[in-house]
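Input: a single structure, listed below in structure tokens.
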Amino acid sequence: MEVAAVEGLMQDYELSLQHVLWRIERLHQKKEVVTKRDEGIHRTTYGEMVPRINRLAGVLKQIGVKPGDRVATLAWNNNRHLELYYAVPCMGAVLHTLNLRLFPQHLEFIINDAEDKVLFVDQSLLPLLKPLIGKIPSIKTYVLMAEGNPAAADGMPAMLDYETMLAAESESYPWPKISERMAAAMCYTSGTTGNPKGVVYSHRSQFIHTMGVLQGDNLGLTEADSLLPVVPMFHANSWGLPYAAGMAGAKVVFPGRFSADAKSIVELAQEEEVTFLAGVPTVWIGLASYLKESGQRLPKVRTVVCGGSAVPRSLMETMDSVGLRILHAWGMTETSPLGSVARVAAGTREEDELRLRLTQGRVAPGVEIRITDPTSGEELPWDGVAFGEIQVRGPWIARGYHNGYDPDKLTEDGWFRTGDVAKISPEGYIQIVDRTKDVIKSGGEWISSVELENAVMAHPKIIEAAVIGLPHAKWDERPVVYAVPRPEFKGQVTEEEIKDFLKDKVARWWLPDEVRFIDEVPKTSVGKFDKKVLRANATPIKEGMKQEARK
Ligand code: AMP
């Protein structure tokens with residue numbers, strides 16, 4: 001018997017970022033937004049910011065920004081960047097946050113690909129912009145966000161001054177009606193393989209993602225928190241935290257251009273009573289060392305969200321020892337980025353906790369996940385053993401890229417191929433084994449570079465380690481470790497020592513062929529180990545070469 005469909009009687013309310021703006025105006029007036037600047041701490045409130053956001057929307061209109069136009073930002077984590085986060089999408093345009101750690105040729109590609117119309121730039125970032133001038137013709141207007149006295153911009157095009165423009169506009173703005181499927185923001189992937197690709201978030205995806213971030217079993221940010229996002233506002237929208245803070249009414253503390261300086265972060269966190277931190281593992285490796293050396297502590301911090309790369313066990317333990325609890329999360333630019341969070345289920349035995357906190361956790365409500373066999377494409381069981389490519393779907397997962405790049409990223413049945421390889425336990429804990437392109441194929445079997453790295457980083461004399469597979473005549477590929485000794489052990493740790501240390505921690509055939517000591521692991525623009533650079537500069541494996549010669 002056919003059942004007649006009956007429509008629900010709920011309102012067709014458009015999910016848009018205007019709602020977050022409405023909340024900060026109505027409910028969170030007194031909440032502070034603090035920024036560390038060169039000249040000292042800048043302090044404002046949402047109450048003071050909202051009229052500025054209205055003025056900013058007026059500026060955008062005044063300079064000819066139309067719905068759908070891309071408005072680029074080249075800016076640190078600061079209050080003006082937050083104003084742009086609201087004004088641009090809420091007036092119908094698309095906020096395009098540029099990654100300030102990219103090489104000029106990448107920035108040039110990205111700006112041209114997005115056809116950005118306007119560019120807002122922090123004064124201290126003008127040197128980054130300089131090599132691009134003359135190569136980014138889509139930009140019709142530059143707006144300078146000056147600190148102190150605007151610098152004479154040598155060899156630069158004419159620029160409007162942010163504060164002067166704001167002052168000339170009205171404190172109220174007639175926000176247009178936004179349809180939830182309209183583009184709100186875009187971020188480019190970091191382009192570790194090929195050119196970067198534009199991920200375009202909609203108002204709807206941002207809204208639902210914000211609700212997801214706030215969920216207690218996800219990141220769980222609340223009104224009572226004081227949030228310090230070390231993760232840049234150009235890295236997948238600072239993991240959605242700025243909007244989550246606005247929705248919840250959390251205080252926000254921005255590190256400005258001091259995000260890489262552990263001492264500044266600690267001081268700022270102490271002074272502003274920060275409770276919630278977020279950043280990639282390399283940030284916390286530096287911060288944990290600083291805390292240990294200085295004896296300083298951050299007793300008010302209750303959560304340190306850590307994602308972007310796997311959290312090494314040594315880091316989790318060191319952070320625990322200084323009283324900072326890491327909450328491990330997985331995601332990617334294409335997943336807005338929240339994909340999974342390692343909260344340990346109620347009733348877990350204490351001895352299992354650390355192991356589970358080190359997994360990539362369980363998939364966020366709203367997102368569905370599966371792992372599939374790379375050759376047959378068949379779905380694999382969640383038995384904690386079988387591993388395959390993670391595929392996801394959900395309302396905040398990309399279905400394509402700007403300009404139609406990489407059309408095969410979606411499977412025929414509509415799931416997004418992440419390129420991450422993982423196993424999933426029967427309880428749903430995801431354990432990322434590797435990126436498909438980083439996994440080492442030795443004698444037909446796979447070695448997880450991530451697991452090996454973690455094992456090496458547990459050595460007390462090592463601070464960082466990256467593992468890559470290099471060609472080998474007999475085994476196809478063999479693992480080679482690039483390890484960075486802690487400063488006090490520089491020149492005092494040997495290859496044999498590391499190999500010995502690994503012996504009872506990994507399978508025999510996983511033991512690296514070589515351990516090479518370096519001063520620093522090269523990093524990508526968002527602070528992850530850049531194995532592409534290591535591979536490009538790697539000398540061949542000595543033993544493998546001999547066998548090659550014997551052949
Ligand atoms: P991005 O889009 O630059 O944020 O990069 C996304 C990629 O970073 C993912 O596809 C993963 O390979 C990696 N990644 C992010 N979070 C984690 C994590 N918690 N553990 C392991 N890899 C991660």
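Chain lettering (A, B, ...) mirrors the order of the structure tokens, residue numbering begins at 1 for each chain separately, and ligand numbering begins at 1 in order of display.
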
At a cut-off of 8 Å, using only C-alpha atoms, what residues contact A:Glu464? Leave out same-chain residues fewer than 5 positions from it and give the result as JSON, numbers by chain.
{"A": [457, 483, 484, 485, 520, 521]}

Kindly provide, as a ChimeraX atom specification, all nucleotide and amino acid residues lying within 7 Å of ligand 1, counting only C-alpha atoms and all ligand atoms.
/A:189-190,235-236,307-311,328-334,337,360,418-420,432,435,526

Residue contacts of A:Ala250 (9 Å, only C-alpha atoms) excluding same-chain residues fewer than 3 positions away, as a ChimeraX atom specification:
/A:28,31-32,221-227,244-247

Using DSSP on the backbone coordinates, identify all residues within stretch 50-238 of chain A classified as strand (DSSP E or B); present the result as an mmCIF file with N, CA, C and O atoms, in the first residue's frame.
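What landed in out-v2.cif:
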data_model
loop_
_atom_site.group_PDB
_atom_site.id
_atom_site.type_symbol
_atom_site.label_atom_id
_atom_site.label_comp_id
_atom_site.auth_asym_id
_atom_site.auth_seq_id
_atom_site.Cartn_x
_atom_site.Cartn_y
_atom_site.Cartn_z
ATOM 1 N N ARG A 70 33.682 37.330 -4.623
ATOM 2 C CA ARG A 70 34.639 36.844 -3.630
ATOM 3 C C ARG A 70 35.439 38.009 -3.052
ATOM 4 O O ARG A 70 36.013 38.821 -3.787
ATOM 5 N N VAL A 71 35.468 38.047 -1.727
ATOM 6 C CA VAL A 71 36.217 39.086 -1.017
ATOM 7 C C VAL A 71 37.347 38.381 -0.264
ATOM 8 O O VAL A 71 37.085 37.560 0.618
ATOM 9 N N ALA A 72 38.575 38.687 -0.653
ATOM 10 C CA ALA A 72 39.707 37.967 -0.067
ATOM 11 C C ALA A 72 40.244 38.691 1.161
ATOM 12 O O ALA A 72 40.182 39.918 1.250
ATOM 13 N N THR A 73 40.774 37.898 2.088
ATOM 14 C CA THR A 73 41.448 38.473 3.253
ATOM 15 C C THR A 73 42.854 37.891 3.333
ATOM 16 O O THR A 73 43.052 36.688 3.100
ATOM 17 N N LEU A 74 43.806 38.742 3.638
ATOM 18 C CA LEU A 74 45.168 38.290 3.910
ATOM 19 C C LEU A 74 45.444 38.856 5.302
ATOM 20 O O LEU A 74 45.880 40.005 5.445
ATOM 21 N N ASN A 77 44.885 36.247 12.822
ATOM 22 C CA ASN A 77 43.697 36.069 13.670
ATOM 23 C C ASN A 77 43.534 37.342 14.494
ATOM 24 O O ASN A 77 44.298 37.583 15.442
ATOM 25 N N VAL A 94 31.166 36.372 -0.680
ATOM 26 C CA VAL A 94 31.834 35.139 -0.256
ATOM 27 C C VAL A 94 33.195 35.486 0.352
ATOM 28 O O VAL A 94 34.038 36.096 -0.312
ATOM 29 N N LEU A 95 33.375 35.102 1.595
ATOM 30 C CA LEU A 95 34.631 35.394 2.289
ATOM 31 C C LEU A 95 35.693 34.391 1.866
ATOM 32 O O LEU A 95 35.522 33.185 2.067
ATOM 33 N N HIS A 96 36.776 34.883 1.297
ATOM 34 C CA HIS A 96 37.852 33.982 0.878
ATOM 35 C C HIS A 96 39.103 34.287 1.688
ATOM 36 O O HIS A 96 39.802 35.272 1.439
ATOM 37 N N THR A 97 39.375 33.433 2.658
ATOM 38 C CA THR A 97 40.513 33.651 3.549
ATOM 39 C C THR A 97 41.777 33.077 2.899
ATOM 40 O O THR A 97 41.856 31.882 2.653
ATOM 41 N N VAL A 118 37.959 41.938 -4.261
ATOM 42 C CA VAL A 118 38.485 42.896 -3.291
ATOM 43 C C VAL A 118 39.461 42.143 -2.395
ATOM 44 O O VAL A 118 39.266 40.949 -2.134
ATOM 45 N N LEU A 119 40.496 42.839 -1.934
ATOM 46 C CA LEU A 119 41.432 42.194 -1.012
ATOM 47 C C LEU A 119 41.640 43.083 0.211
ATOM 48 O O LEU A 119 42.014 44.254 0.083
ATOM 49 N N PHE A 120 41.384 42.519 1.383
ATOM 50 C CA PHE A 120 41.654 43.194 2.653
ATOM 51 C C PHE A 120 42.979 42.652 3.178
ATOM 52 O O PHE A 120 43.125 41.440 3.315
ATOM 53 N N VAL A 121 43.907 43.554 3.479
ATOM 54 C CA VAL A 121 45.231 43.066 3.895
ATOM 55 C C VAL A 121 45.702 43.758 5.177
ATOM 56 O O VAL A 121 45.578 44.970 5.326
ATOM 57 N N ASP A 122 46.231 42.938 6.097
ATOM 58 C CA ASP A 122 46.857 43.492 7.301
ATOM 59 C C ASP A 122 48.159 44.175 6.903
ATOM 60 O O ASP A 122 48.922 43.635 6.085
ATOM 61 N N THR A 141 39.883 46.373 -5.871
ATOM 62 C CA THR A 141 40.042 47.285 -4.735
ATOM 63 C C THR A 141 40.871 46.624 -3.638
ATOM 64 O O THR A 141 40.642 45.453 -3.311
ATOM 65 N N TYR A 142 41.812 47.374 -3.118
ATOM 66 C CA TYR A 142 42.597 46.911 -1.969
ATOM 67 C C TYR A 142 42.210 47.734 -0.756
ATOM 68 O O TYR A 142 42.081 48.958 -0.849
ATOM 69 N N VAL A 143 42.034 47.043 0.369
ATOM 70 C CA VAL A 143 41.747 47.773 1.608
ATOM 71 C C VAL A 143 42.827 47.415 2.624
ATOM 72 O O VAL A 143 43.060 46.226 2.917
ATOM 73 N N LEU A 144 43.474 48.435 3.145
ATOM 74 C CA LEU A 144 44.575 48.237 4.085
ATOM 75 C C LEU A 144 44.057 48.278 5.521
ATOM 76 O O LEU A 144 43.371 49.215 5.913
ATOM 77 N N MET A 145 44.405 47.250 6.267
ATOM 78 C CA MET A 145 44.036 47.238 7.687
ATOM 79 C C MET A 145 45.301 47.627 8.460
ATOM 80 O O MET A 145 46.153 46.793 8.756
ATOM 81 N N LEU A 160 42.604 51.661 -0.016
ATOM 82 C CA LEU A 160 41.682 52.361 0.877
ATOM 83 C C LEU A 160 42.068 52.011 2.301
ATOM 84 O O LEU A 160 42.579 50.922 2.556
ATOM 85 N N ASP A 161 41.793 52.905 3.219
ATOM 86 C CA ASP A 161 42.115 52.625 4.624
ATOM 87 C C ASP A 161 40.861 52.121 5.335
ATOM 88 O O ASP A 161 39.799 52.748 5.291
ATOM 89 N N ALA A 183 26.607 30.628 -1.392
ATOM 90 C CA ALA A 183 27.974 30.482 -0.896
ATOM 91 C C ALA A 183 28.242 31.541 0.174
ATOM 92 O O ALA A 183 27.834 32.697 0.022
ATOM 93 N N ALA A 184 28.910 31.132 1.243
ATOM 94 C CA ALA A 184 29.233 32.063 2.327
ATOM 95 C C ALA A 184 30.737 32.305 2.406
ATOM 96 O O ALA A 184 31.191 33.402 2.696
ATOM 97 N N ALA A 185 31.497 31.252 2.168
ATOM 98 C CA ALA A 185 32.948 31.365 2.360
ATOM 99 C C ALA A 185 33.667 30.349 1.502
ATOM 100 O O ALA A 185 33.076 29.347 1.097
ATOM 101 N N MET A 186 34.927 30.626 1.235
ATOM 102 C CA MET A 186 35.722 29.601 0.563
ATOM 103 C C MET A 186 37.137 29.536 1.109
ATOM 104 O O MET A 186 37.703 30.535 1.564
ATOM 105 N N CYS A 187 37.659 28.299 1.092
ATOM 106 C CA CYS A 187 39.029 28.053 1.538
ATOM 107 C C CYS A 187 39.653 27.131 0.511
ATOM 108 O O CYS A 187 38.977 26.241 0.000
ATOM 109 N N TYR A 188 40.928 27.310 0.261
ATOM 110 C CA TYR A 188 41.609 26.397 -0.663
ATOM 111 C C TYR A 188 42.303 25.284 0.112
ATOM 112 O O TYR A 188 42.765 25.492 1.239
ATOM 113 N N GLY A 198 39.535 25.028 -4.597
ATOM 114 C CA GLY A 198 38.656 25.859 -3.779
ATOM 115 C C GLY A 198 37.473 25.070 -3.236
ATOM 116 O O GLY A 198 36.720 24.457 -3.992
ATOM 117 N N VAL A 199 37.329 25.104 -1.912
ATOM 118 C CA VAL A 199 36.185 24.472 -1.255
ATOM 119 C C VAL A 199 35.214 25.605 -0.919
ATOM 120 O O VAL A 199 35.627 26.607 -0.331
ATOM 121 N N VAL A 200 33.970 25.459 -1.316
ATOM 122 C CA VAL A 200 33.018 26.563 -1.149
ATOM 123 C C VAL A 200 31.932 26.165 -0.144
ATOM 124 O O VAL A 200 31.140 25.268 -0.404
ATOM 125 N N TYR A 201 31.940 26.834 0.998
ATOM 126 C CA TYR A 201 30.951 26.541 2.041
ATOM 127 C C TYR A 201 29.684 27.352 1.793
ATOM 128 O O TYR A 201 29.761 28.503 1.351
ATOM 129 N N SER A 202 28.540 26.767 2.104
ATOM 130 C CA SER A 202 27.288 27.520 1.978
ATOM 131 C C SER A 202 26.881 28.040 3.361
ATOM 132 O O SER A 202 27.415 27.597 4.383
ATOM 133 N N SER A 226 36.492 30.923 27.317
ATOM 134 C CA SER A 226 37.326 31.969 26.733
ATOM 135 C C SER A 226 38.196 31.226 25.719
ATOM 136 O O SER A 226 39.036 30.406 26.082
ATOM 137 N N LEU A 227 37.931 31.492 24.442
ATOM 138 C CA LEU A 227 38.539 30.719 23.354
ATOM 139 C C LEU A 227 39.771 31.417 22.790
ATOM 140 O O LEU A 227 39.702 32.602 22.450
ATOM 141 N N LEU A 228 40.866 30.676 22.674
ATOM 142 C CA LEU A 228 42.047 31.226 21.982
ATOM 143 C C LEU A 228 42.348 30.312 20.784
ATOM 144 O O LEU A 228 42.931 29.247 20.954
ATOM 145 N N PRO A 229 41.904 30.708 19.592
ATOM 146 C CA PRO A 229 42.195 29.861 18.426
ATOM 147 C C PRO A 229 43.592 30.167 17.877
ATOM 148 O O PRO A 229 43.796 31.217 17.280
#

Please provide the set of residues having any atom within 12 Å of stretch 261-272 of chain A, restricted to only C-alpha atoms, with same-chain residues fewer than 3 positions apart removed, written as a ChimeraX atom specification.
/A:32-38,40-43,225-231,251-258,275-279,282-302,304

Using DSSP on the backbone coordinates, identify the residues of stretch 169-396 of chain A assigned to helix (DSSP H, G or I); present them as a VMD selection string.
chain A and resid 203 to 214 236 to 239 241 to 248 262 to 271 281 to 294 313 to 321 333 to 335 350 to 357

Contacts of A:Arg370 within 9 Å, only C-alpha atoms, excl. fewer than 5 positions in-chain, as a list in words
Glu379, Leu380, Pro381, Trp382, Gly388, Glu389, Ile390, Gln391, Val392, Trp415 and Ile424 of chain A

From A:Lys499, A:Lys30, A:Lys441, A:Arg349, residue lying nearest A:Arg478 [only C-alpha atoms]
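Ranked by minimum distance to A:Arg478, first place goes to A:Lys441.
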
From the list A:Val456, A:Leu9, A:Ile136, A:Leu98, which residue is nearest A:Asp504 when using only C-alpha atoms?
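Counting only C-alpha atoms, the residue closest to A:Asp504 is A:Val456.
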
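Between atom CA of A:Leu166 and atom CA of A:Leu60 the separation is 9.8 Å.
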
The distance between atom CA of A:Pro89 and atom CA of A:Ile24 is 15.4 Å

What is the atom CA of A:Glu317 to atom CA of A:Val363 distance in Å?
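Between atom CA of A:Glu317 and atom CA of A:Val363 the gap is 23.7 Å.
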
Identify, on the basis of only C-alpha atoms, every residue whose closest approach to A:Leu56 does not exceed 12 Å; exclude the query and any residue fewer than 4 positions from it along the same chain; express the result as a PyMOL selection string.
chain A and resi 49-52+60-63+65+80-91+120+143+161-173+175

Pick from A:Arg23, A:Lys409, A:His209, A:Lys531: nearest to A:Val450, with only C-alpha atoms counted?
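Using only C-alpha atoms, the shortest distance to A:Val450 belongs to A:Lys531.
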
Which residues are close to A:Arg204, i.e. within 6 Å by only C-alpha atoms, leaving aside same-chain residues fewer than 5 positions away? Reply as an MDAnalysis selection string.
chainID A and resid 15:16 180:181

For N, CA, C and O atoms, I'd like the residues from the last selection saved as a PDB file, in the first residue's frame.
ATOM      1  N   LEU A  15      18.780  28.723   6.933  1.00  0.00           N
ATOM      2  CA  LEU A  15      19.908  28.638   7.862  1.00  0.00           C
ATOM      3  C   LEU A  15      21.027  29.534   7.340  1.00  0.00           C
ATOM      4  O   LEU A  15      21.583  29.260   6.281  1.00  0.00           O
ATOM      5  N   SER A  16      21.299  30.599   8.043  1.00  0.00           N
ATOM      6  CA  SER A  16      22.358  31.475   7.525  1.00  0.00           C
ATOM      7  C   SER A  16      23.171  32.072   8.657  1.00  0.00           C
ATOM      8  O   SER A  16      22.753  32.087   9.824  1.00  0.00           O
ATOM      9  N   GLU A 180      19.752  29.899   2.102  1.00  0.00           N
ATOM     10  CA  GLU A 180      20.730  29.065   2.811  1.00  0.00           C
ATOM     11  C   GLU A 180      21.707  28.345   1.886  1.00  0.00           C
ATOM     12  O   GLU A 180      22.772  27.931   2.307  1.00  0.00           O
ATOM     13  N   ARG A 181      21.357  28.210   0.634  1.00  0.00           N
ATOM     14  CA  ARG A 181      22.282  27.489  -0.263  1.00  0.00           C
ATOM     15  C   ARG A 181      23.326  28.417  -0.889  1.00  0.00           C
ATOM     16  O   ARG A 181      24.199  27.972  -1.619  1.00  0.00           O
TER      17      ARG A 181
END

Using only C-alpha atoms: which of A:Pro374, A:Gly212, A:Gly58, A:Pro67 has the shortest distance to A:Ser336:
A:Gly212
